[in-house]
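Structure data follow from coords_39.txt (compact mmCIF, C-alpha atoms and all ligand atoms):
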```txt
# COMPACT_ATOMS: atom_id res chain seq x y z
CA MET A 1 106.52 104.01 83.99
CA ASN A 2 110.30 103.77 84.32
CA ALA A 3 112.58 101.01 83.05
CA ALA A 4 112.70 99.10 86.36
CA GLN A 5 108.91 99.10 86.58
CA CYS A 6 108.60 97.87 82.97
CA ARG A 7 111.09 95.06 83.55
CA ALA A 8 109.35 93.91 86.75
CA LEU A 9 105.95 94.11 85.06
CA ALA A 10 107.09 92.06 82.07
CA ARG A 11 108.75 89.43 84.25
CA ALA A 12 106.32 89.05 87.18
CA GLY A 13 103.12 90.24 85.51
CA ALA A 14 102.66 92.81 88.27
CA VAL A 15 104.64 95.54 89.97
CA LEU A 16 104.25 97.73 93.01
CA ALA A 17 105.79 101.17 92.56
CA ILE A 18 106.48 102.95 95.85
CA ASP A 19 107.14 106.68 95.62
CA LEU A 20 109.70 107.48 98.32
CA THR A 21 109.65 111.15 97.40
CA ALA A 22 105.94 111.20 98.17
CA ILE A 23 106.55 109.49 101.53
CA ALA A 24 109.16 112.13 102.42
CA GLY A 25 106.73 114.86 101.30
CA ASN A 26 104.00 113.35 103.45
CA TYR A 27 106.39 113.29 106.41
CA ARG A 28 107.11 116.99 105.95
CA ARG A 29 103.40 117.70 105.59
CA LEU A 30 102.71 115.97 108.93
CA CYS A 31 105.58 117.87 110.56
CA GLN A 32 103.91 121.11 109.43
CA ALA A 33 100.63 119.96 110.96
CA ALA A 34 102.44 119.05 114.18
CA GLY A 35 104.06 122.46 114.50
CA SER A 36 107.24 123.26 116.41
CA ARG A 37 106.24 121.71 119.75
CA CYS A 38 105.53 118.19 118.53
CA THR A 39 107.95 115.74 116.90
CA VAL A 40 106.56 113.34 114.34
CA ALA A 41 107.67 109.72 114.74
CA ALA A 42 107.12 107.23 111.93
CA VAL A 43 105.24 104.00 112.55
CA VAL A 44 106.93 101.40 110.34
CA LYS A 45 105.40 98.24 111.84
CA ALA A 46 104.31 95.38 109.56
CA ASP A 47 107.14 96.13 107.12
CA ALA A 48 106.09 99.79 106.88
CA TYR A 49 102.49 98.78 106.17
CA GLY A 50 103.67 96.36 103.50
CA LEU A 51 105.83 98.85 101.59
CA GLY A 52 109.25 97.72 102.85
CA ALA A 53 110.51 98.90 106.25
CA GLY A 54 114.15 99.22 105.14
CA PRO A 55 113.81 101.59 102.16
CA VAL A 56 110.89 103.46 103.75
CA ALA A 57 112.72 104.05 107.05
CA GLN A 58 115.89 105.16 105.24
CA CYS A 59 113.89 107.65 103.21
CA LEU A 60 112.17 108.97 106.35
CA TRP A 61 115.49 109.23 108.17
CA GLN A 62 116.83 111.39 105.33
CA ALA A 63 113.69 113.52 105.59
CA GLY A 64 114.62 114.19 109.21
CA CYS A 65 112.67 111.52 111.10
CA LYS A 66 114.63 110.25 114.10
CA HIS A 67 111.93 108.35 116.05
CA PHE A 68 110.38 105.09 114.86
CA PHE A 69 107.71 102.77 116.25
CA VAL A 70 107.38 99.09 115.36
CA ALA A 71 105.15 96.38 116.83
CA THR A 72 107.56 93.54 117.53
CA LEU A 73 111.07 92.87 118.79
CA ASP A 74 112.13 91.30 115.49
CA GLU A 75 110.87 94.27 113.50
CA ALA A 76 112.92 96.50 115.78
CA ILE A 77 116.11 94.45 115.44
CA ALA A 78 115.78 94.52 111.64
CA LEU A 79 115.24 98.30 111.69
CA ARG A 80 118.26 98.83 113.95
CA GLY A 81 120.41 97.44 111.14
CA ASP A 82 118.85 99.74 108.53
CA LEU A 83 119.51 103.13 110.17
CA PRO A 84 122.43 104.91 111.85
CA ASP A 85 121.04 105.80 115.29
CA PRO A 86 117.29 106.13 115.53
CA ALA A 87 115.14 105.91 118.66
CA ILE A 88 113.14 102.70 118.21
CA TYR A 89 110.04 102.00 120.29
CA VAL A 90 108.46 98.54 120.35
CA LEU A 91 104.69 98.79 120.82
CA ASN A 92 104.07 95.19 121.88
CA GLY A 93 106.67 95.53 124.61
CA PRO A 94 109.06 92.83 125.77
CA PRO A 95 107.89 89.31 124.87
CA ALA A 96 108.05 86.65 127.61
CA ALA A 97 111.20 85.30 125.98
CA GLY A 98 113.51 87.93 124.54
CA ALA A 99 113.28 90.85 126.99
CA GLU A 100 117.05 90.75 127.52
CA GLU A 101 117.59 91.65 123.85
CA PHE A 102 116.16 95.14 124.27
CA ALA A 103 119.20 96.56 126.02
CA GLY A 104 121.65 94.97 123.58
CA HIS A 105 119.91 96.49 120.59
CA ARG A 106 119.12 99.78 122.37
CA LEU A 107 115.38 99.40 121.85
CA VAL A 108 112.75 101.10 123.96
CA PRO A 109 110.02 98.69 125.06
CA VAL A 110 106.52 100.07 125.40
CA ILE A 111 105.35 98.55 128.70
CA ASN A 112 101.71 97.51 128.55
CA ASP A 113 101.16 95.64 131.85
CA PHE A 114 102.74 94.68 135.18
CA ASP A 115 104.33 91.49 133.81
CA GLN A 116 106.13 93.52 131.18
CA LEU A 117 107.13 96.03 133.84
CA SER A 118 108.77 93.25 135.89
CA ALA A 119 110.51 91.94 132.79
CA ALA A 120 111.76 95.45 132.02
CA ALA A 121 112.92 95.97 135.61
CA LYS A 122 115.19 92.93 135.30
CA MET A 123 116.31 93.27 131.74
CA THR A 124 116.57 96.86 130.63
CA ARG A 125 118.41 98.42 133.53
CA HIS A 126 120.28 100.82 131.30
CA THR A 127 117.69 101.41 128.62
CA PRO A 128 114.75 103.75 128.94
CA ILE A 129 111.20 102.44 128.76
CA ALA A 130 107.89 103.86 127.61
CA LEU A 131 104.57 103.31 129.37
CA HIS A 132 101.28 102.71 127.59
CA ILE A 133 98.09 103.90 129.26
CA ASP A 134 94.82 102.64 127.79
CA THR A 135 92.42 105.58 127.82
CA GLY A 136 89.63 104.03 125.78
CA MET A 137 90.74 101.36 123.33
CA ASN A 138 90.49 98.44 125.77
CA ARG A 139 93.30 96.83 123.86
CA LEU A 140 96.81 97.20 125.30
CA GLY A 141 98.24 99.27 128.12
CA PHE A 142 97.60 99.97 131.80
CA ALA A 143 93.99 100.68 132.64
CA PRO A 144 93.43 104.06 134.33
CA ALA A 145 92.49 102.23 137.54
CA GLU A 146 95.94 100.59 137.57
CA VAL A 147 97.82 103.89 137.52
CA PRO A 148 98.17 104.25 141.33
CA ALA A 149 99.68 100.74 141.53
CA LEU A 150 101.88 101.59 138.55
CA ILE A 151 103.18 104.69 140.33
CA ASP A 152 103.89 102.61 143.45
CA ALA A 153 105.75 100.03 141.38
CA LEU A 154 107.86 102.71 139.71
CA ARG A 155 108.58 104.38 143.04
CA GLY A 156 109.80 101.02 144.34
CA GLN A 157 112.45 100.90 141.60
CA PRO A 158 114.74 103.77 142.59
CA GLY A 159 117.31 104.66 140.00
CA ARG A 160 116.70 101.59 137.91
CA MET A 161 114.19 102.23 135.18
CA ARG A 162 114.17 105.46 133.29
CA VAL A 163 110.72 106.21 131.92
CA ASP A 164 111.17 108.24 128.77
CA LEU A 165 107.71 108.49 127.38
CA VAL A 166 104.08 107.78 128.16
CA ILE A 167 101.79 106.94 125.27
CA SER A 168 98.09 106.45 124.72
CA HIS A 169 96.19 105.62 121.56
CA LEU A 170 93.08 107.26 120.12
CA ALA A 171 90.21 104.96 119.20
CA ALA A 172 88.34 107.20 116.74
CA ALA A 173 90.70 109.98 115.68
CA GLU A 174 89.40 109.82 112.08
CA GLN A 175 85.96 110.90 113.39
CA PRO A 176 86.67 114.40 114.76
CA SER A 177 83.24 114.84 116.31
CA HIS A 178 83.22 111.53 118.15
CA PRO A 179 82.96 112.24 121.90
CA ILE A 180 85.47 109.51 122.76
CA ASN A 181 88.26 111.79 121.49
CA ARG A 182 87.60 114.37 124.17
CA ASP A 183 87.14 111.68 126.84
CA GLN A 184 90.47 110.10 126.00
CA ARG A 185 92.25 113.44 125.97
CA GLU A 186 90.91 114.36 129.40
CA ARG A 187 91.73 110.97 130.89
CA PHE A 188 95.23 111.04 129.42
CA GLY A 189 95.82 114.60 130.67
CA LEU A 190 94.93 113.65 134.25
CA ILE A 191 97.09 110.52 134.22
CA VAL A 192 100.07 112.36 132.72
CA ALA A 193 99.78 114.98 135.47
CA ARG A 194 99.90 112.24 138.13
CA LEU A 195 102.87 110.51 136.52
CA ARG A 196 104.70 113.83 136.32
CA THR A 197 104.56 114.23 140.08
CA LEU A 198 107.01 111.31 140.09
CA MET A 199 108.73 112.00 136.75
CA PRO A 200 108.64 115.74 135.98
CA ASP A 201 110.45 115.37 132.65
CA LEU A 202 108.16 112.70 131.22
CA SER A 203 107.34 113.19 127.50
CA THR A 204 104.00 112.23 126.00
CA SER A 205 102.84 110.61 122.78
CA PHE A 206 99.19 110.70 121.80
CA ALA A 207 98.24 111.40 118.16
CA ASN A 208 98.30 108.87 115.35
CA SER A 209 97.97 110.15 111.74
CA SER A 210 94.37 111.30 112.11
CA GLY A 211 95.08 112.70 115.59
CA LEU A 212 97.40 115.24 113.93
CA PHE A 213 94.29 116.78 112.35
CA LEU A 214 92.35 117.10 115.63
CA GLY A 215 94.26 120.12 116.94
CA PRO A 216 97.31 120.57 119.18
CA ASP A 217 95.56 119.27 122.33
CA PHE A 218 95.74 115.83 120.80
CA PHE A 219 99.39 115.77 119.71
CA GLY A 220 101.56 115.16 122.74
CA ASP A 221 105.32 115.68 122.42
CA ILE A 222 105.75 112.87 119.89
CA ALA A 223 103.03 111.93 117.40
CA ARG A 224 103.01 108.40 115.98
CA ALA A 225 102.10 108.57 112.30
CA GLY A 226 101.77 105.56 110.04
CA ALA A 227 98.88 105.52 107.59
CA ALA A 228 99.14 109.13 106.37
CA LEU A 229 102.81 108.68 105.48
CA TYR A 230 101.75 105.96 103.07
CA GLY A 231 99.00 107.99 101.41
CA ILE A 232 95.94 106.86 103.40
CA ASN A 233 93.54 109.75 103.93
CA PRO A 234 93.76 110.79 107.62
CA VAL A 235 90.60 112.91 107.27
CA PRO A 236 88.00 110.61 105.65
CA GLY A 237 85.16 112.50 104.00
CA ARG A 238 87.42 115.47 103.29
CA PRO A 239 89.97 115.87 100.46
CA ASN A 240 93.08 113.78 101.15
CA PRO A 241 95.92 116.13 102.18
CA MET A 242 98.53 113.41 101.60
CA ARG A 243 100.30 112.51 98.37
CA PRO A 244 99.57 109.08 96.88
CA VAL A 245 102.48 106.71 97.41
CA VAL A 246 101.60 103.36 95.87
CA ARG A 247 100.87 102.29 92.32
CA PHE A 248 99.90 98.65 91.82
CA THR A 249 100.01 97.64 88.17
CA GLY A 250 99.43 94.35 86.38
CA ARG A 251 99.66 93.49 82.68
CA ILE A 252 97.09 91.75 80.50
CA GLN A 253 98.22 88.18 80.00
CA GLN A 254 95.45 86.93 77.75
CA LEU A 255 92.36 88.23 75.93
CA ARG A 256 89.32 86.00 75.52
CA PHE A 257 86.77 86.82 72.82
CA VAL A 258 83.45 85.38 73.99
CA ASP A 259 80.72 85.19 71.33
CA ARG A 260 77.64 83.99 73.29
CA PRO A 261 76.19 84.20 76.83
CA MET A 262 78.59 82.37 79.17
CA THR A 263 79.88 82.57 82.72
CA VAL A 264 83.31 83.80 83.87
CA GLY A 265 85.49 82.29 86.59
CA TYR A 266 85.12 80.02 89.62
CA GLY A 267 81.66 79.14 90.78
CA ALA A 268 80.28 80.36 87.42
CA ARG A 269 78.88 83.35 89.30
CA PHE A 270 79.15 86.04 86.66
CA ARG A 271 77.12 85.69 83.46
CA LEU A 272 77.96 87.61 80.31
CA ALA A 273 74.82 88.61 78.42
CA GLY A 274 76.43 88.15 75.02
CA ALA A 275 79.58 88.79 73.06
CA ALA A 276 82.35 90.22 75.23
CA ILE A 277 86.09 90.64 75.57
CA ILE A 278 87.61 89.39 78.82
CA ALA A 279 91.15 90.38 79.82
CA THR A 280 92.96 88.18 82.32
CA VAL A 281 95.64 89.80 84.52
CA PRO A 282 97.96 87.60 86.59
CA VAL A 283 97.18 89.31 89.91
CA GLY A 284 95.01 87.53 92.47
CA TYR A 285 94.16 87.38 96.13
CA ALA A 286 97.62 85.97 96.87
CA ASP A 287 98.90 89.34 95.66
CA GLY A 288 96.55 91.35 97.83
CA LEU A 289 93.64 91.74 95.43
CA PHE A 290 90.98 90.75 97.95
CA ARG A 291 88.47 88.08 96.94
CA SER A 292 85.76 90.42 98.17
CA LEU A 293 86.46 92.47 95.01
CA SER A 294 84.85 89.68 92.94
CA ASN A 295 82.15 91.19 90.69
CA ARG A 296 82.63 94.49 92.57
CA GLY A 297 86.05 96.01 92.20
CA ARG A 298 87.38 98.09 89.35
CA ALA A 299 90.69 98.61 87.59
CA VAL A 300 91.97 101.30 85.24
CA ILE A 301 93.35 100.93 81.72
CA GLN A 302 94.67 104.16 80.18
CA ASP A 303 92.48 106.20 82.56
CA LEU A 304 89.35 104.22 81.63
CA SER A 305 87.65 102.32 84.43
CA VAL A 306 86.76 98.64 83.85
CA PRO A 307 84.92 96.17 86.11
CA ILE A 308 86.31 93.02 87.68
CA VAL A 309 84.07 90.15 86.53
CA GLY A 310 83.79 86.74 88.12
CA ARG A 311 85.62 85.69 91.24
CA VAL A 312 89.11 86.91 91.94
CA SER A 313 91.27 83.79 92.01
CA MET A 314 94.58 83.20 93.76
CA ASP A 315 96.80 84.21 90.86
CA SER A 316 94.55 86.00 88.42
CA VAL A 317 91.60 88.27 87.86
CA MET A 318 89.32 88.86 84.88
CA LEU A 319 88.24 92.26 83.59
CA ASP A 320 85.43 93.04 81.17
CA VAL A 321 87.11 95.26 78.58
CA THR A 322 84.34 95.03 75.97
CA ALA A 323 83.50 98.74 76.22
CA LEU A 324 87.07 99.93 75.67
CA PRO A 325 88.33 101.11 72.26
CA ARG A 326 89.86 98.08 70.50
CA ASP A 327 93.30 99.65 70.33
CA ALA A 328 93.36 100.28 74.10
CA VAL A 329 93.69 96.61 75.03
CA ALA A 330 96.24 94.04 73.97
CA VAL A 331 98.32 91.37 75.62
CA GLY A 332 100.87 93.32 77.66
CA THR A 333 98.68 96.38 78.28
CA ALA A 334 99.18 97.84 81.77
CA VAL A 335 96.26 97.76 84.22
CA ASP A 336 96.25 99.82 87.42
CA PHE A 337 94.57 98.36 90.49
CA LEU A 338 95.94 101.23 92.54
CA GLY A 339 97.02 104.42 90.82
CA PRO A 340 96.20 108.04 90.11
CA ASP A 341 92.68 107.23 88.87
CA HIS A 342 91.88 104.54 91.44
CA GLY A 343 93.25 105.28 94.90
CA LEU A 344 93.81 103.27 98.03
CA ASP A 345 90.67 104.42 99.79
CA GLN A 346 88.58 103.67 96.68
CA LEU A 347 89.91 100.12 96.34
CA ALA A 348 89.43 99.60 100.07
CA ASP A 349 85.82 100.77 99.76
CA GLU A 350 85.13 98.34 96.93
CA ALA A 351 86.68 95.50 98.93
CA GLY A 352 84.70 96.39 102.06
CA THR A 353 87.80 97.20 104.10
CA ILE A 354 90.20 100.05 104.89
CA GLY A 355 93.38 101.27 103.22
CA TYR A 356 95.45 99.86 106.10
CA GLU A 357 94.36 96.32 105.27
CA VAL A 358 94.86 96.85 101.53
CA LEU A 359 98.47 97.98 102.07
CA THR A 360 99.42 95.32 104.61
CA GLY A 361 97.74 92.68 102.43
CA LEU A 362 99.84 93.40 99.34
CA GLY A 363 101.44 90.09 98.40
CA ARG A 364 105.11 89.35 99.04
CA ARG A 365 105.63 88.00 95.53
CA VAL A 366 104.80 91.30 93.84
CA PRO A 367 108.13 93.01 93.09
CA ARG A 368 108.55 96.38 94.82
CA VAL A 369 110.19 99.15 92.79
CA TYR A 370 111.19 102.32 94.65
CA LEU A 371 110.81 105.66 92.89
CA HIS A 372 112.43 109.00 93.56
CA THR A 373 110.12 111.31 91.68
CA GLY A 374 111.70 114.60 92.64
CA GLY A 375 109.60 117.58 93.62
CA GLY A 376 109.20 119.05 97.08
CA ALA A 377 106.46 119.13 99.66
CA PRO A 378 102.88 118.63 98.48
C1 LIG B 1 99.54 101.45 114.33
C2 LIG B 1 99.60 102.40 115.44
C3 LIG B 1 99.83 103.77 115.19
C4 LIG B 1 99.82 104.37 113.80
O1 LIG B 1 98.49 104.74 113.47
P1 LIG B 1 98.13 105.38 112.04
O2 LIG B 1 96.64 105.51 112.11
O3 LIG B 1 98.56 104.39 111.02
O4 LIG B 1 98.83 106.67 111.94
C5 LIG B 1 100.05 104.59 116.28
N1 LIG B 1 100.00 104.10 117.53
C6 LIG B 1 99.75 102.81 117.82
C7 LIG B 1 99.70 102.36 119.24
C8 LIG B 1 99.52 101.91 116.78
O5 LIG B 1 99.24 100.65 117.05
```

Would you mind writing the file's structure down as structure tokens?
Ligand SMILES: *Cc1c(COP(=O)(O)O)cnc(C)c1O
Amino acid sequence: MNAAQCRALARAGAVLAIDLTAIAGNYRRLCQAAGSRCTVAAVVKADAYGLGAGPVAQCLWQAGCKHFFVATLDEAIALRGDLPDPAIYVLNGPPAAGAEEFAGHRLVPVINDFDQLSAAAKMTRHTPIALHIDTGMNRLGFAPAEVPALIDALRGQPGRMRVDLVISHLAAAEQPSHPINRDQRERFGLIVARLRTLMPDLSTSFANSSGLFLGPDFFGDIARAGAALYGINPVPGRPNPMRPVVRFTGRIQQLRFVDRPMTVGYGARFRLAGAAIIATVPVGYADGLFRSLSNRGRAVIQDLSVPIVGRVSMDSVMLDVTALPRDAVAVGTAVDFLGPDHGLDQLADEAGTIGYEVLTGLGRRVPRVYLHTGGGAP
């Protein structure tokens, strides 16, 4: 742990170390997977999945990333100020109020429906747009049945809107054998071919992180990778090809020496059978340690795994450290909730969720420390 991490840990009781070198390495790893015909764009929505859009995007820019996707207009405007001249795509498209801001900030709206198309026709005369076709998510985008009307609408706008890109999103890319992958690819291929009769130079964007491991048919010209950049395993059930990025550490604030059977925490739900040592760490569900980890999750002290006992509370959590060597625990001892011996996917599993939710749930009050660890590609 470096000096900045130690200071933050001593002051706040917890610290989130974010390894920018690992993020850059993961970007290069994904570029290798994408090959020479596909560009990898970075998805930095939701504050780069909770890790800090500014520092993360700057690090990716230096690693050669020139295309970025965010969800909202405000995320895009903030990102515009962080980088020299990236292409920024806004997945939610133009909001009912605010469409006129796209041109001013040189943002590319992803158009999901006819209302957004009308807004774009009025507001973004000189900026390109992207189209979103829904090939199987039933979430956002034009339904396949709407494509003929979409083509008519675009034809009726001569010389006004420049369509740069058409995107679609895979519903189950992390399950390579799921038949919906093939269905979506076929549907997208047919629709792209029809759109290209009108716009021969149209580029495509299809794969998310996991899609980059499904083979080149799933890539498109621009892949949209988020999760894998931040260390989430894009190929669940197989070894994670990505480098871990996040370390979430707390420090023991107090040790309680219990000498008889008693309960621990809110609701008195966990009963100690006898004498025990309980360590309290000032990290709770307000910091992203989900309450569903109560009596279930684990943490790591000097590479030894210890159980969370009792309910996770808003600002603290209790660990049973009875089994640890006495000299391994003291007030001030560091405890990893996420780290080399307890990864993102493992914590997510214990909490009954996915790494995406763990990352985006990390509390705002936990200080972020950015590391440059050196070393090249993974
Ligand atoms: C969030 C998102 C992505 C990124 O997906 P990952 O699985 O994190 O790589 C790509 N495309 C769309 C439309 C998204 O909403």

So which residues are near ligand LIG 1 (chain B), meaning at most 6 Å away with all atoms listed in the file counted, given back as a VMD selection string? chain A and resid 43 169 208 to 209 224 to 227

Within 10 Å of (104.7, 118.7, 115.6) (coordinates as in the file), grab all the protein and nucleic acid residues, counting all atoms listed in the file, and write them out as a VMD selection string. chain A and resid 30 to 41 212 216 219 to 223

12 Å contact set for Val306 of chain A, only C-alpha atoms, chain neighbours under 2 positions out, as number ranges by chain: A: 277-279, 295-304, 308-309, 318-325, 328-329, 335-337, 341-342

Point out the residue among A:Ile191, A:Met199, A:Ala63, A:Leu293 with the least atom-to-atom distance to Glu146 of chain A, counting only C-alpha atoms.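 Selected residue with least distance to Glu146 of chain A: A:Ile191.
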
Rounded to one decimal in Å, what is the spacing between atom CA of Asp201 of chain A and atom CA of Leu229 of chain A? 29.0 Å

Which of these, A:Ala8, A:Ala17, A:Leu140, A:Ala3, has the shortest distance to Val369 of chain A once you count only C-alpha atoms?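 Smallest distance to Val369 of chain A is found for A:Ala17.
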
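Here atom CA of Val264 of chain A and atom CA of Pro307 of chain A stand 12.7 Å from one another.
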
Mind checking which residues fall within 10 Å of Ile23 of chain A, counting all atoms listed in the file, ignoring those fewer than 6 positions away in the same chain, and posting them as a list of chain:residue names?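 So the residues in contact are A:Arg29, A:Val56, A:Ala57, A:Cys59, A:Leu60, A:Ala63, A:Ala228, A:Leu229, A:Tyr230, A:Gly231, A:Met242, A:Arg243, A:Pro244, A:Val245, A:Val246, A:His372, A:Ala377.
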
Pick from A:Val192, A:Val108, A:Val331, A:Leu150, whichever lies nearest to Leu255 of chain A using all atoms listed in the file: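 Closest candidate: A:Val331.
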
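Remark: for Arg311 of chain A, the closest of the candidate residues A:Ala268, A:Val281, A:Leu362, A:Ile129 is A:Ala268 (distances computed over all atoms listed in the file).
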
Please, what distance in Å, to one decimal, runs between atom CA of His132 of chain A and atom CA of Leu170 of chain A? 12.0 Å
